[in-house]
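What follows is target.txt (compact mmCIF, C-alpha atoms).
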```
# COMPACT_ATOMS: atom_id res chain seq x y z
CA MET T 1 0.00 0.00 0.00
CA GLU T 2 1.33 3.42 -0.92
CA ASN T 3 1.99 5.90 1.87
CA THR T 4 -0.30 8.86 1.41
CA LYS T 5 -0.10 12.04 3.46
CA LEU T 6 -3.51 13.31 4.47
CA THR T 7 -4.09 16.86 5.55
CA ASN T 8 -6.63 18.17 8.00
CA THR T 9 -9.39 20.47 6.90
CA PRO T 10 -10.68 23.34 9.04
CA TYR T 11 -13.76 21.17 9.73
CA ASP T 12 -11.56 18.43 11.21
CA ASP T 13 -9.87 20.95 13.48
CA VAL T 14 -13.16 22.49 14.63
CA PHE T 15 -14.72 19.09 15.38
CA ARG T 16 -11.62 17.94 17.28
CA THR T 17 -11.65 21.17 19.31
CA LEU T 18 -15.35 20.67 20.01
CA LEU T 19 -14.71 17.18 21.37
CA ASN T 20 -11.56 17.99 23.34
CA ASP T 21 -12.28 21.43 24.77
CA CYS T 22 -16.08 21.77 24.67
CA SER T 23 -17.36 18.21 24.96
CA LEU T 24 -20.76 19.28 26.33
CA LEU T 25 -21.47 20.96 22.99
CA ILE T 26 -21.43 17.58 21.26
CA PHE T 27 -24.94 16.84 22.56
CA PRO T 28 -26.66 19.63 20.61
CA VAL T 29 -24.73 18.53 17.50
CA LEU T 30 -25.83 14.90 17.91
CA ASN T 31 -29.40 15.97 18.60
CA GLU T 32 -29.54 18.14 15.49
CA VAL T 33 -27.70 15.89 13.06
CA PHE T 34 -29.10 12.53 14.15
CA GLY T 35 -32.49 13.54 15.61
CA GLU T 36 -31.54 12.41 19.11
CA HIS T 37 -32.82 13.84 22.38
CA TYR T 38 -29.77 13.91 24.66
CA THR T 39 -30.07 16.19 27.69
CA GLY T 40 -26.35 16.67 28.28
CA GLU T 41 -26.42 14.61 31.46
CA GLU T 42 -25.22 11.48 29.64
CA ASP T 43 -21.64 10.28 29.91
CA ILE T 44 -19.33 10.49 26.91
CA ILE T 45 -16.78 7.70 26.69
CA PHE T 46 -13.88 8.49 24.39
CA SER T 47 -12.09 5.59 22.70
CA PRO T 48 -8.65 5.53 21.10
CA ASN T 49 -8.58 6.92 17.59
CA GLU T 50 -5.70 4.70 16.45
CA HIS T 51 -6.54 1.30 15.03
CA PHE T 52 -4.13 -1.35 13.77
CA LEU T 53 -5.11 -3.56 10.86
CA ASN T 54 -3.40 -6.92 10.47
CA ARG T 55 -2.64 -7.80 6.86
CA GLN T 56 -1.64 -11.03 5.23
CA GLY T 57 2.05 -11.74 5.45
CA GLY T 58 2.31 -10.22 8.93
CA GLU T 59 2.11 -6.61 7.79
CA GLU T 60 0.28 -4.14 9.97
CA ASP T 61 -1.30 -0.84 8.92
CA GLU T 62 -2.27 1.96 11.27
CA ARG T 63 -5.52 3.80 10.69
CA ILE T 64 -6.22 7.03 12.57
CA THR T 65 -9.83 8.15 12.77
CA ASP T 66 -11.01 11.66 13.55
CA SER T 67 -12.88 10.64 16.67
CA SER T 68 -14.39 7.68 18.39
CA PHE T 69 -16.79 7.99 21.31
CA GLN T 70 -19.90 6.49 22.88
CA VAL T 71 -22.77 8.26 24.61
```

Before we go any further, please render this structure as structure tokens.
Amino acid sequence: MENTKLTNTPYDDVFRTLLNDCSLLIFPVLNEVFGEHYTGEEDIIFSPNEHFLNRQGGEEDERITDSSFQV
């Protein structure tokens, strides 16, 4: 697999800032985008955003996601 350099967009940076610095604001976003009805009293559980994929031949690729969380 070819190594490709990915760049962040301003949207990535804003969303990451929202999650890291203003995590209570994620509830209105989830409510609006997904039609949920969170009150803001729910717990947010953040998961690692690095995932390792095992390939045939023993190779391993790393995939980094923007965010991973549970409400």

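With all atoms listed in the file as the atoms that count, the residue of T:Glu36, T:Glu50, T:Asp13, T:Asp21 with the shortest distance to T:Ser68 is T:Glu50.
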
T:Thr9, T:Val33, T:Gln70, T:Cys22 ranked by distance to T:Phe46, top pick (using only C-alpha atoms):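 When distances to T:Phe46 are compared using only C-alpha atoms, the smallest one comes from T:Gln70.
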
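The protein and nucleic acid residues lying at most 8 Å from T:Phe69 are Ile44, Ile45, Phe46 and Ser47 of chain T, with all atoms listed in the file considered and sequence neighbours fewer than 5 positions away removed.
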
Contact residues around T:Gly40 with all atoms listed in the file at 12 Å, ignoring same-chain residues under 4 positions, as a list in words: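 My reading of the contact set: Ser23, Leu24, Leu25, Ile26, Phe27, Pro28, Val29, Leu30, Asn31, Glu36, Ile44 and Val71 of chain T.
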
Interatomic distance (Å, one decimal) between atom CA of T:Tyr38 and atom CA of T:Pro10: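 Computing the Euclidean distance for atom CA of T:Tyr38 and atom CA of T:Pro10 yields 26.4 Å.
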
Atom pair atom CA of T:Glu62 / atom CA of T:Phe15: separation (Å): 21.6 Å

Separation of atom CA of T:Glu42 from atom CA of T:Leu19 in Å: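 Separating atom CA of T:Leu19 from atom CA of T:Glu42 is a distance of 14.5 Å.
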